[in-house]
>>> print(open('run_11.cif').read())   # mmCIF, C-alpha atoms and all ligand atoms
data_structure
#
loop_
_atom_site.group_PDB
_atom_site.id
_atom_site.type_symbol
_atom_site.label_atom_id
_atom_site.label_comp_id
_atom_site.auth_asym_id
_atom_site.auth_seq_id
_atom_site.Cartn_x
_atom_site.Cartn_y
_atom_site.Cartn_z
ATOM 1 C CA SER J 1 -25.046 21.471 -8.844
ATOM 2 C CA GLY J 2 -21.476 21.372 -7.598
ATOM 3 C CA VAL J 3 -18.105 19.722 -8.045
ATOM 4 C CA TYR J 4 -16.995 17.501 -5.180
ATOM 5 C CA VAL J 5 -13.794 15.577 -4.613
ATOM 6 C CA VAL J 6 -14.114 12.337 -2.623
ATOM 7 C CA THR J 7 -11.031 10.432 -1.476
ATOM 8 C CA GLY J 8 -11.494 6.746 -0.727
ATOM 9 C CA SER J 9 -14.275 6.725 -3.327
ATOM 10 C CA ALA J 10 -13.778 3.057 -4.282
ATOM 11 C CA SER J 11 -15.044 1.498 -1.057
ATOM 12 C CA GLY J 12 -17.094 1.844 2.094
ATOM 13 C CA MET J 13 -18.288 5.251 3.219
ATOM 14 C CA GLY J 14 -16.418 7.216 0.544
ATOM 15 C CA LYS J 15 -18.085 5.110 -2.142
ATOM 16 C CA GLU J 16 -21.511 5.730 -0.575
ATOM 17 C CA VAL J 17 -20.921 9.483 -0.355
ATOM 18 C CA ALA J 18 -19.793 9.586 -4.003
ATOM 19 C CA ALA J 19 -22.895 7.661 -5.104
ATOM 20 C CA LYS J 20 -25.249 9.943 -3.166
ATOM 21 C CA LEU J 21 -23.650 13.129 -4.487
ATOM 22 C CA THR J 22 -23.787 11.797 -8.047
ATOM 23 C CA ALA J 23 -27.446 10.802 -7.617
ATOM 24 C CA ALA J 24 -28.174 14.344 -6.392
ATOM 25 C CA GLY J 25 -26.827 15.699 -9.701
ATOM 26 C CA HIS J 26 -23.346 16.782 -8.624
ATOM 27 C CA ARG J 27 -20.086 16.043 -10.386
ATOM 28 C CA VAL J 28 -17.816 13.838 -8.305
ATOM 29 C CA ILE J 29 -14.078 13.410 -8.743
ATOM 30 C CA GLY J 30 -13.134 10.207 -6.962
ATOM 31 C CA VAL J 31 -9.612 9.552 -5.704
ATOM 32 C CA ASP J 32 -8.432 6.071 -4.745
ATOM 33 C CA LEU J 33 -5.865 3.368 -5.410
ATOM 34 C CA ARG J 34 -8.194 1.829 -8.013
ATOM 35 C CA ASP J 35 -11.679 2.251 -9.526
ATOM 36 C CA ALA J 36 -11.518 6.035 -9.373
ATOM 37 C CA ASP J 37 -11.285 9.089 -11.636
ATOM 38 C CA VAL J 38 -7.918 9.921 -10.114
ATOM 39 C CA ILE J 39 -5.727 6.934 -9.270
ATOM 40 C CA ALA J 40 -3.227 7.919 -6.599
ATOM 41 C CA ASP J 41 -1.393 6.386 -3.670
ATOM 42 C CA LEU J 42 -1.948 8.757 -0.769
ATOM 43 C CA SER J 43 0.690 6.995 1.332
ATOM 44 C CA THR J 44 3.545 8.806 -0.432
ATOM 45 C CA PRO J 45 4.318 12.524 -0.826
ATOM 46 C CA ALA J 46 4.561 12.058 -4.617
ATOM 47 C CA GLY J 47 1.195 10.280 -4.713
ATOM 48 C CA ARG J 48 -0.425 13.064 -2.698
ATOM 49 C CA GLN J 49 1.064 15.757 -4.927
ATOM 50 C CA SER J 50 -0.177 13.984 -8.040
ATOM 51 C CA ALA J 51 -3.657 13.647 -6.503
ATOM 52 C CA VAL J 52 -3.724 17.370 -5.706
ATOM 53 C CA ALA J 53 -2.760 18.299 -9.253
ATOM 54 C CA ALA J 54 -4.958 15.765 -11.061
ATOM 55 C CA VAL J 55 -8.055 16.827 -9.103
ATOM 56 C CA LEU J 56 -7.461 20.523 -9.807
ATOM 57 C CA THR J 57 -7.103 19.691 -13.501
ATOM 58 C CA ALA J 58 -10.234 17.533 -13.521
ATOM 59 C CA ALA J 59 -12.258 20.187 -11.666
ATOM 60 C CA SER J 60 -11.077 22.992 -14.004
ATOM 61 C CA GLY J 61 -12.829 25.466 -11.711
ATOM 62 C CA PRO J 62 -13.822 25.945 -8.064
ATOM 63 C CA LEU J 63 -14.325 22.919 -5.823
ATOM 64 C CA THR J 64 -17.710 23.042 -4.089
ATOM 65 C CA GLY J 65 -16.553 20.607 -1.456
ATOM 66 C CA ALA J 66 -14.178 17.857 -0.419
ATOM 67 C CA ILE J 67 -14.787 14.604 1.440
ATOM 68 C CA LEU J 68 -11.688 12.968 2.871
ATOM 69 C CA ALA J 69 -12.629 9.336 3.438
ATOM 70 C CA ALA J 70 -9.518 7.438 2.310
ATOM 71 C CA GLY J 71 -8.031 5.693 5.286
ATOM 72 C CA LEU J 72 -6.630 2.498 6.738
ATOM 73 C CA GLY J 73 -7.795 0.734 9.889
ATOM 74 C CA PRO J 74 -5.407 -0.516 12.609
ATOM 75 C CA GLY J 75 -4.662 -3.775 10.770
ATOM 76 C CA GLU J 76 -1.378 -5.633 10.784
ATOM 77 C CA GLY J 77 1.931 -5.895 8.980
ATOM 78 C CA ARG J 78 5.379 -4.422 9.440
ATOM 79 C CA ASN J 79 4.764 -1.168 7.651
ATOM 80 C CA ARG J 80 1.218 -0.688 8.866
ATOM 81 C CA SER J 81 1.809 2.184 11.302
ATOM 82 C CA ARG J 82 3.613 4.153 8.604
ATOM 83 C CA LEU J 83 0.834 3.566 6.075
ATOM 84 C CA ILE J 84 -1.782 4.611 8.638
ATOM 85 C CA THR J 85 -0.083 7.874 9.519
ATOM 86 C CA GLU J 86 0.717 8.693 5.873
ATOM 87 C CA VAL J 87 -2.815 8.110 4.557
ATOM 88 C CA ASN J 88 -4.983 9.048 7.548
ATOM 89 C CA TYR J 89 -3.112 12.216 8.486
ATOM 90 C CA PHE J 90 -0.940 13.494 5.614
ATOM 91 C CA GLY J 91 -3.420 12.140 3.051
ATOM 92 C CA VAL J 92 -5.915 14.622 4.478
ATOM 93 C CA VAL J 93 -3.829 17.630 5.433
ATOM 94 C CA GLU J 94 -1.622 17.859 2.328
ATOM 95 C CA LEU J 95 -4.562 17.367 -0.018
ATOM 96 C CA LEU J 96 -6.678 20.018 1.666
ATOM 97 C CA GLU J 97 -3.793 22.476 1.657
ATOM 98 C CA GLY J 98 -3.365 21.813 -2.062
ATOM 99 C CA TRP J 99 -7.069 22.323 -2.781
ATOM 100 C CA ARG J 100 -7.672 25.269 -0.445
ATOM 101 C CA THR J 101 -7.473 28.010 -3.066
ATOM 102 C CA SER J 102 -9.903 26.151 -5.303
ATOM 103 C CA LEU J 103 -12.293 25.627 -2.370
ATOM 104 C CA ALA J 104 -12.052 29.300 -1.443
ATOM 105 C CA ALA J 105 -13.002 30.219 -5.004
ATOM 106 C CA ALA J 106 -16.360 28.476 -4.525
ATOM 107 C CA GLN J 107 -17.209 31.103 -1.829
ATOM 108 C CA ASP J 108 -19.028 28.731 0.538
ATOM 109 C CA ALA J 109 -17.241 25.398 0.134
ATOM 110 C CA LYS J 110 -17.666 22.633 2.684
ATOM 111 C CA VAL J 111 -15.200 19.982 3.756
ATOM 112 C CA VAL J 112 -15.896 16.769 5.664
ATOM 113 C CA VAL J 113 -12.920 14.868 7.087
ATOM 114 C CA PHE J 114 -13.430 11.316 8.337
ATOM 115 C CA SER J 115 -12.143 11.119 11.888
ATOM 116 C CA SER J 116 -13.150 8.282 14.251
ATOM 117 C CA ASN J 117 -14.458 7.755 17.743
ATOM 118 C CA SER J 118 -11.143 6.050 18.455
ATOM 119 C CA THR J 119 -10.025 9.647 19.140
ATOM 120 C CA THR J 120 -11.842 9.576 22.482
ATOM 121 C CA THR J 121 -12.191 5.868 23.241
ATOM 122 C CA VAL J 122 -8.657 4.471 22.796
ATOM 123 C CA PRO J 123 -6.872 4.920 26.132
ATOM 124 C CA ALA J 124 -3.433 6.522 26.588
ATOM 125 C CA VAL J 125 -2.646 7.440 23.002
ATOM 126 C CA PRO J 126 0.895 8.874 23.251
ATOM 127 C CA ARG J 127 0.845 12.664 23.167
ATOM 128 C CA ARG J 128 4.257 12.744 21.512
ATOM 129 C CA THR J 129 2.972 10.739 18.532
ATOM 130 C CA ILE J 130 0.182 13.246 17.998
ATOM 131 C CA ASN J 131 2.563 16.185 18.382
ATOM 132 C CA ALA J 132 5.024 14.671 15.913
ATOM 133 C CA LEU J 133 2.255 14.318 13.315
ATOM 134 C CA LEU J 134 1.061 17.876 13.872
ATOM 135 C CA ALA J 135 4.678 18.956 13.370
ATOM 136 C CA GLY J 136 4.753 17.035 10.060
ATOM 137 C CA ASP J 137 7.386 14.560 11.280
ATOM 138 C CA THR J 138 6.361 10.989 10.318
ATOM 139 C CA ASP J 139 9.656 9.430 11.380
ATOM 140 C CA ARG J 140 9.445 10.934 14.866
ATOM 141 C CA ALA J 141 5.827 9.777 15.152
ATOM 142 C CA LEU J 142 6.821 6.232 14.225
ATOM 143 C CA ARG J 143 9.830 6.196 16.574
ATOM 144 C CA SER J 144 7.517 7.192 19.419
ATOM 145 C CA LEU J 145 5.512 3.999 18.788
ATOM 146 C CA ARG J 146 8.446 1.570 18.701
ATOM 147 C CA MET J 147 7.813 0.226 22.201
ATOM 148 C CA TYR J 148 4.198 -0.669 21.501
ATOM 149 C CA GLY J 149 4.839 -3.809 19.463
ATOM 150 C CA ARG J 150 1.590 -5.290 18.199
ATOM 151 C CA VAL J 151 -0.595 -2.472 19.497
ATOM 152 C CA GLY J 152 1.545 0.020 17.565
ATOM 153 C CA PRO J 153 -0.947 0.241 14.666
ATOM 154 C CA VAL J 154 -3.859 0.736 17.102
ATOM 155 C CA MET J 155 -1.996 3.688 18.616
ATOM 156 C CA ALA J 156 -0.939 4.934 15.162
ATOM 157 C CA TYR J 157 -4.576 4.808 14.056
ATOM 158 C CA ALA J 158 -5.927 6.697 17.075
ATOM 159 C CA ALA J 159 -3.040 9.201 16.925
ATOM 160 C CA SER J 160 -3.650 9.810 13.205
ATOM 161 C CA LYS J 161 -7.329 10.521 13.850
ATOM 162 C CA ILE J 162 -6.654 12.714 16.910
ATOM 163 C CA ALA J 163 -4.057 14.693 14.949
ATOM 164 C CA VAL J 164 -6.355 15.142 11.962
ATOM 165 C CA SER J 165 -9.243 16.245 14.227
ATOM 166 C CA HIS J 166 -6.938 18.665 16.014
ATOM 167 C CA TRP J 167 -5.812 20.031 12.634
ATOM 168 C CA VAL J 168 -9.429 20.417 11.470
ATOM 169 C CA ARG J 169 -10.454 22.317 14.596
ATOM 170 C CA ARG J 170 -7.399 24.558 14.557
ATOM 171 C CA GLN J 171 -7.512 25.374 10.845
ATOM 172 C CA ALA J 172 -11.320 25.646 10.657
ATOM 173 C CA THR J 173 -11.408 28.944 12.520
ATOM 174 C CA SER J 174 -8.441 30.563 10.789
ATOM 175 C CA PRO J 175 -8.562 33.316 8.164
ATOM 176 C CA LYS J 176 -7.340 30.770 5.582
ATOM 177 C CA TRP J 177 -10.427 28.583 6.040
ATOM 178 C CA ALA J 178 -13.371 30.216 7.890
ATOM 179 C CA GLY J 179 -12.126 33.554 6.617
ATOM 180 C CA ALA J 180 -12.326 32.228 3.059
ATOM 181 C CA GLY J 181 -15.858 30.928 3.592
ATOM 182 C CA ILE J 182 -14.765 27.281 3.800
ATOM 183 C CA ARG J 183 -16.515 25.168 6.436
ATOM 184 C CA LEU J 184 -14.094 22.569 7.710
ATOM 185 C CA ASN J 185 -15.695 19.854 9.874
ATOM 186 C CA ALA J 186 -15.104 16.241 10.858
ATOM 187 C CA LEU J 187 -17.320 13.201 11.174
ATOM 188 C CA ALA J 188 -16.315 10.683 13.857
ATOM 189 C CA PRO J 189 -17.960 7.313 13.186
ATOM 190 C CA GLY J 190 -17.975 4.337 15.513
ATOM 191 C CA ALA J 191 -17.760 0.813 14.096
ATOM 192 C CA ILE J 192 -19.409 0.925 10.672
ATOM 193 C CA LEU J 193 -19.845 -2.240 8.639
ATOM 194 C CA THR J 194 -17.536 -1.518 5.694
ATOM 195 C CA PRO J 195 -14.663 -3.559 4.177
ATOM 196 C CA LEU J 196 -12.366 -1.807 6.685
ATOM 197 C CA LEU J 197 -14.329 -3.193 9.640
ATOM 198 C CA GLU J 198 -14.773 -6.572 7.929
ATOM 199 C CA GLU J 199 -10.972 -6.835 7.760
ATOM 200 C CA GLN J 200 -10.813 -6.246 11.535
ATOM 201 C CA LEU J 201 -13.589 -8.757 12.211
ATOM 202 C CA ALA J 202 -11.745 -11.362 10.143
ATOM 203 C CA SER J 203 -8.505 -10.866 12.095
ATOM 204 C CA PRO J 204 -8.016 -13.230 15.053
ATOM 205 C CA THR J 205 -6.058 -10.565 16.957
ATOM 206 C CA GLU J 206 -8.516 -7.703 16.415
ATOM 207 C CA SER J 207 -11.918 -9.325 16.185
ATOM 208 C CA GLY J 208 -12.366 -9.844 19.947
ATOM 209 C CA ALA J 209 -11.674 -6.212 20.796
ATOM 210 C CA VAL J 210 -14.129 -5.022 18.125
ATOM 211 C CA GLN J 211 -16.845 -7.409 19.340
ATOM 212 C CA ARG J 212 -16.382 -6.518 23.024
ATOM 213 C CA PHE J 213 -16.225 -2.760 22.492
ATOM 214 C CA PRO J 214 -19.178 -1.117 24.296
ATOM 215 C CA VAL J 215 -21.816 0.258 21.920
ATOM 216 C CA PRO J 216 -24.921 1.343 23.891
ATOM 217 C CA ILE J 217 -27.209 1.119 20.848
ATOM 218 C CA GLY J 218 -25.667 -2.233 19.891
ATOM 219 C CA GLY J 219 -24.487 -3.588 16.572
ATOM 220 C CA PHE J 220 -22.604 -1.761 13.837
ATOM 221 C CA GLY J 221 -23.425 1.374 11.875
ATOM 222 C CA GLU J 222 -24.490 1.282 8.232
ATOM 223 C CA PRO J 223 -22.164 2.945 5.685
ATOM 224 C CA GLY J 224 -25.070 4.509 3.745
ATOM 225 C CA LYS J 225 -26.361 6.221 6.887
ATOM 226 C CA LEU J 226 -22.937 7.673 7.697
ATOM 227 C CA ALA J 227 -22.796 8.900 4.109
ATOM 228 C CA ASP J 228 -26.134 10.659 4.702
ATOM 229 C CA TRP J 229 -24.513 12.531 7.611
ATOM 230 C CA ALA J 230 -21.589 13.556 5.420
ATOM 231 C CA VAL J 231 -23.939 14.743 2.664
ATOM 232 C CA PHE J 232 -25.928 16.737 5.245
ATOM 233 C CA MET J 233 -22.679 18.340 6.438
ATOM 234 C CA LEU J 234 -22.107 19.453 2.827
ATOM 235 C CA SER J 235 -25.598 20.941 2.463
ATOM 236 C CA ASP J 236 -26.824 24.511 3.005
ATOM 237 C CA ALA J 237 -28.278 23.360 6.331
ATOM 238 C CA ALA J 238 -24.671 23.120 7.560
ATOM 239 C CA ASP J 239 -23.783 26.751 6.726
ATOM 240 C CA PHE J 240 -23.166 27.526 10.402
ATOM 241 C CA LEU J 241 -21.193 24.349 11.157
ATOM 242 C CA CYS J 242 -17.495 25.162 11.546
ATOM 243 C CA GLY J 243 -14.745 23.195 13.270
ATOM 244 C CA SER J 244 -17.129 20.603 14.710
ATOM 245 C CA VAL J 245 -16.393 16.927 15.216
ATOM 246 C CA ILE J 246 -19.685 15.053 14.934
ATOM 247 C CA PHE J 247 -19.742 11.665 16.675
ATOM 248 C CA VAL J 248 -22.090 9.121 15.080
ATOM 249 C CA ASP J 249 -21.135 6.040 17.028
ATOM 250 C CA GLY J 250 -24.060 4.361 18.739
ATOM 251 C CA GLY J 251 -23.239 6.064 22.043
ATOM 252 C CA SER J 252 -19.674 4.842 22.715
ATOM 253 C CA ASP J 253 -18.169 8.313 23.035
ATOM 254 C CA ALA J 254 -20.946 9.357 25.449
ATOM 255 C CA TYR J 255 -20.494 6.124 27.397
ATOM 256 C CA PHE J 256 -16.758 6.688 27.925
ATOM 257 C CA ARG J 257 -16.805 10.399 28.701
ATOM 258 C CA ALA J 258 -20.238 11.616 29.700
ATOM 259 C CA GLY J 259 -18.685 14.385 31.769
ATOM 260 C CA ASP J 260 -16.268 15.750 29.151
ATOM 261 C CA TRP J 261 -17.307 18.512 26.824
HETATM 262 P P1 LIG J 301 -12.840 1.280 3.365
HETATM 263 O O1 LIG J 301 -11.652 0.427 3.598
HETATM 264 O O2 LIG J 301 -14.106 0.631 2.935
HETATM 265 O O3 LIG J 301 -12.502 2.429 2.306
HETATM 266 C C1 LIG J 301 -11.327 3.175 2.417
HETATM 267 C C2 LIG J 301 -10.810 3.514 1.035
HETATM 268 O O4 LIG J 301 -9.568 4.223 1.213
HETATM 269 C C3 LIG J 301 -10.527 2.289 0.145
HETATM 270 O O5 LIG J 301 -11.190 2.389 -1.089
HETATM 271 C C4 LIG J 301 -9.026 2.319 -0.012
HETATM 272 O O6 LIG J 301 -8.573 1.844 -1.272
HETATM 273 C C5 LIG J 301 -8.708 3.806 0.182
HETATM 274 N N1 LIG J 301 -7.296 3.936 0.499
HETATM 275 C C6 LIG J 301 -6.601 3.258 1.455
HETATM 276 N N2 LIG J 301 -5.296 3.531 1.344
HETATM 277 C C7 LIG J 301 -5.152 4.385 0.305
HETATM 278 C C8 LIG J 301 -4.033 4.996 -0.319
HETATM 279 N N3 LIG J 301 -2.765 4.744 0.086
HETATM 280 N N4 LIG J 301 -4.259 5.832 -1.348
HETATM 281 C C9 LIG J 301 -5.511 6.050 -1.807
HETATM 282 N N5 LIG J 301 -6.605 5.491 -1.266
HETATM 283 C C10 LIG J 301 -6.430 4.661 -0.230
HETATM 284 O O7 LIG J 301 -13.025 2.117 4.715
HETATM 285 P P2 LIG J 301 -14.269 2.861 5.406
HETATM 286 O O8 LIG J 301 -14.651 2.054 6.561
HETATM 287 O O9 LIG J 301 -15.272 3.294 4.427
HETATM 288 O O10 LIG J 301 -13.503 4.122 6.012
HETATM 289 C C11 LIG J 301 -13.628 5.442 5.516
HETATM 290 C C12 LIG J 301 -13.008 6.368 6.543
HETATM 291 O O11 LIG J 301 -13.739 6.284 7.766
HETATM 292 C C13 LIG J 301 -11.557 6.033 6.895
HETATM 293 O O12 LIG J 301 -10.827 7.222 7.060
HETATM 294 C C14 LIG J 301 -11.685 5.310 8.213
HETATM 295 O O13 LIG J 301 -10.522 5.435 9.003
HETATM 296 C C15 LIG J 301 -12.866 6.028 8.832
HETATM 297 N N6 LIG J 301 -13.553 5.274 9.868
HETATM 298 C C16 LIG J 301 -14.079 4.018 9.607
HETATM 299 C C17 LIG J 301 -14.727 3.325 10.599
HETATM 300 C C18 LIG J 301 -15.340 1.986 10.377
HETATM 301 O O14 LIG J 301 -15.727 1.327 11.356
HETATM 302 N N7 LIG J 301 -15.502 1.508 9.186
HETATM 303 C C19 LIG J 301 -14.848 3.879 11.960
HETATM 304 C C20 LIG J 301 -14.303 5.194 12.117
HETATM 305 C C21 LIG J 301 -13.672 5.844 11.101
#
>>> encode(input="run_11.cif", output="structure tokens", more="lines below")
Ligand code: NAI
Amino acid sequence: SGVYVVTGSASGMGKEVAAKLTAAGHRVIGVDLRDADVIADLSTPAGRQSAVAAVLTAASGPLTGAILAAGLGPGEGRNRSRLITEVNYFGVVELLEGWRTSLAAAQDAKVVVFSSNSTTTVPAVPRRTINALLAGDTDRALRSLRMYGRVGPVMAYAASKIAVSHWVRRQATSPKWAGAGIRLNALAPGAILTPLLEEQLASPTESGAVQRFPVPIGGFGEPGKLADWAVFMLSDAADFLCGSVIFVDGGSDAYFRAGDW
């Protein structure tokens, strides 16, 4: 049995992954704002640093794997774009950098980062927002979204997920990750019926877009089934999976870009 860290363990897909790993006999260290082993606010640098340290202390040995599921949907509110970029991008990258040595010590650790199919289905996400995130510059990323008004958070969300996917693919193959035996991969869900999606469905400004979004299979995905994919990506069967972004989205990504590889 192994030791896994799961961010976003208090709700939705992170909660399902944590439950499945625990049921399989593993030790899980959950990280969230509440109802978790490690309580931390991943929207601030200090919160991320405390999460890194508290998890390493709790593990007191190698980390078999990490599941980065904490995240915020597009949502609303003045500070929303900042929260999205802080949690969805820096709340993944800074934590993984802090845990890398402990993952390497496990010899064949596996990491699953929650991306999204918004990476390929949201049109015209500003390149400069993505580049600013990859450069570690939150303020520049947010300035680049100033003109977008109410769709700012939608762009911030897609940009955060594109940047984190880009980071996963770039780092996955490097000596620091693949070279240390760590498999770094991403899961890109479509609309999955979790509290995050329920918040969007309850919002008069967002609900229509969610309902009209083309899903060839129809309906919404089930959180437990996405968790099964994540658990599979942590299993020995995934030993040869490295730097992949797996879309589990009812066909939306295929629908929008059948000809892109
Ligand atoms: P959820 O809202 O059910 O769970 C997310 C968890 O992240 C919550 O427990 C929340 O407290 C935690 N979190 C949020 N901000 C935090 C902060 N500042 N510090 C610490 N923890 C924080 O969401 P869901 O749907 O399970 O999403 C999991 C991941 O999957 C997210 O990264 C999301 O962006 C992604 N995703 C979700 C989709 C969906 O349709 N539900 C679609 C595509 C991607």
>>> residues_near_ligand(input="run_11.cif", ligand="ligand LIG 301 (chain J)", cutoff="6 Å", atoms="all atoms listed in the file", output="PDB file with C-alpha atoms, keeping the file's coordinate frame")
ATOM      1  CA  GLY J   8     -11.494   6.746  -0.727  1.00  0.00           C
ATOM      2  CA  SER J   9     -14.275   6.725  -3.327  1.00  0.00           C
ATOM      3  CA  ALA J  10     -13.778   3.057  -4.282  1.00  0.00           C
ATOM      4  CA  SER J  11     -15.044   1.498  -1.057  1.00  0.00           C
ATOM      5  CA  GLY J  12     -17.094   1.844   2.094  1.00  0.00           C
ATOM      6  CA  MET J  13     -18.288   5.251   3.219  1.00  0.00           C
ATOM      7  CA  GLY J  14     -16.418   7.216   0.544  1.00  0.00           C
ATOM      8  CA  ASP J  32      -8.432   6.071  -4.745  1.00  0.00           C
ATOM      9  CA  LEU J  33      -5.865   3.368  -5.410  1.00  0.00           C
ATOM     10  CA  ALA J  40      -3.227   7.919  -6.599  1.00  0.00           C
ATOM     11  CA  ASP J  41      -1.393   6.386  -3.670  1.00  0.00           C
ATOM     12  CA  LEU J  42      -1.948   8.757  -0.769  1.00  0.00           C
ATOM     13  CA  SER J  43       0.690   6.995   1.332  1.00  0.00           C
ATOM     14  CA  ALA J  69     -12.629   9.336   3.438  1.00  0.00           C
ATOM     15  CA  ALA J  70      -9.518   7.438   2.310  1.00  0.00           C
ATOM     16  CA  GLY J  71      -8.031   5.693   5.286  1.00  0.00           C
ATOM     17  CA  LEU J  72      -6.630   2.498   6.738  1.00  0.00           C
ATOM     18  CA  GLY J  73      -7.795   0.734   9.889  1.00  0.00           C
ATOM     19  CA  VAL J  87      -2.815   8.110   4.557  1.00  0.00           C
ATOM     20  CA  PHE J 114     -13.430  11.316   8.337  1.00  0.00           C
ATOM     21  CA  SER J 115     -12.143  11.119  11.888  1.00  0.00           C
ATOM     22  CA  SER J 116     -13.150   8.282  14.251  1.00  0.00           C
ATOM     23  CA  PRO J 189     -17.960   7.313  13.186  1.00  0.00           C
ATOM     24  CA  GLY J 190     -17.975   4.337  15.513  1.00  0.00           C
ATOM     25  CA  ALA J 191     -17.760   0.813  14.096  1.00  0.00           C
ATOM     26  CA  ILE J 192     -19.409   0.925  10.672  1.00  0.00           C
ATOM     27  CA  LEU J 193     -19.845  -2.240   8.639  1.00  0.00           C
ATOM     28  CA  THR J 194     -17.536  -1.518   5.694  1.00  0.00           C
ATOM     29  CA  PRO J 195     -14.663  -3.559   4.177  1.00  0.00           C
ATOM     30  CA  LEU J 196     -12.366  -1.807   6.685  1.00  0.00           C
ATOM     31  CA  LEU J 197     -14.329  -3.193   9.640  1.00  0.00           C
TER      32      LEU J 197
END
>>> resolve_selection(input="run_11.cif", expression="the PyMOL selection byres (((chain J and resi 183) around 8) and not hetatm)", output="tab-separated table (two decimals) with C-alpha atoms, in the frame of the given file")
chain	number	residue	atom	x	y	z
J	108	ASP	CA	-19.03	28.73	0.54
J	109	ALA	CA	-17.24	25.40	0.13
J	110	LYS	CA	-17.67	22.63	2.68
J	111	VAL	CA	-15.20	19.98	3.76
J	172	ALA	CA	-11.32	25.65	10.66
J	177	TRP	CA	-10.43	28.58	6.04
J	178	ALA	CA	-13.37	30.22	7.89
J	181	GLY	CA	-15.86	30.93	3.59
J	182	ILE	CA	-14.76	27.28	3.80
J	184	LEU	CA	-14.09	22.57	7.71
J	185	ASN	CA	-15.70	19.85	9.87
J	239	ASP	CA	-23.78	26.75	6.73
J	241	LEU	CA	-21.19	24.35	11.16
J	242	CYS	CA	-17.50	25.16	11.55
J	243	GLY	CA	-14.74	23.20	13.27
>>> closest_residue(input="run_11.cif", among="J:Ala186, J:Val38, J:Val52, J:Leu133", to="Arg169 (chain J)", atoms="all atoms listed in the file")
J:Ala186
>>> closest_residue(input="run_11.cif", among="J:Met155, J:Ala105, J:Val92, J:Ala238", to="Arg127 (chain J)", atoms="only C-alpha atoms")
J:Met155
>>> atom_distance(input="run_11.cif", atom1="CA of Ser1 (chain J)", atom2="CA of His26 (chain J)")
5.0 Å
>>> resolve_selection(input="run_11.cif", expression="the PyMOL selection byres (((chain J and resi 201-217) around 9) and not hetatm)", output="PDB file with C-alpha atoms, keeping the file's coordinate frame")
ATOM      1  CA  PRO J  74      -5.407  -0.516  12.609  1.00  0.00           C
ATOM      2  CA  GLY J  75      -4.662  -3.775  10.770  1.00  0.00           C
ATOM      3  CA  GLU J  76      -1.378  -5.633  10.784  1.00  0.00           C
ATOM      4  CA  GLY J 190     -17.975   4.337  15.513  1.00  0.00           C
ATOM      5  CA  ALA J 191     -17.760   0.813  14.096  1.00  0.00           C
ATOM      6  CA  LEU J 196     -12.366  -1.807   6.685  1.00  0.00           C
ATOM      7  CA  LEU J 197     -14.329  -3.193   9.640  1.00  0.00           C
ATOM      8  CA  GLU J 198     -14.773  -6.572   7.929  1.00  0.00           C
ATOM      9  CA  GLU J 199     -10.972  -6.835   7.760  1.00  0.00           C
ATOM     10  CA  GLN J 200     -10.813  -6.246  11.535  1.00  0.00           C
ATOM     11  CA  GLY J 218     -25.667  -2.233  19.891  1.00  0.00           C
ATOM     12  CA  GLY J 219     -24.487  -3.588  16.572  1.00  0.00           C
ATOM     13  CA  PHE J 220     -22.604  -1.761  13.837  1.00  0.00           C
ATOM     14  CA  ASP J 249     -21.135   6.040  17.028  1.00  0.00           C
ATOM     15  CA  GLY J 250     -24.060   4.361  18.739  1.00  0.00           C
ATOM     16  CA  GLY J 251     -23.239   6.064  22.043  1.00  0.00           C
ATOM     17  CA  SER J 252     -19.674   4.842  22.715  1.00  0.00           C
ATOM     18  CA  ASP J 253     -18.169   8.313  23.035  1.00  0.00           C
ATOM     19  CA  TYR J 255     -20.494   6.124  27.397  1.00  0.00           C
ATOM     20  CA  PHE J 256     -16.758   6.688  27.925  1.00  0.00           C
TER      21      PHE J 256
END
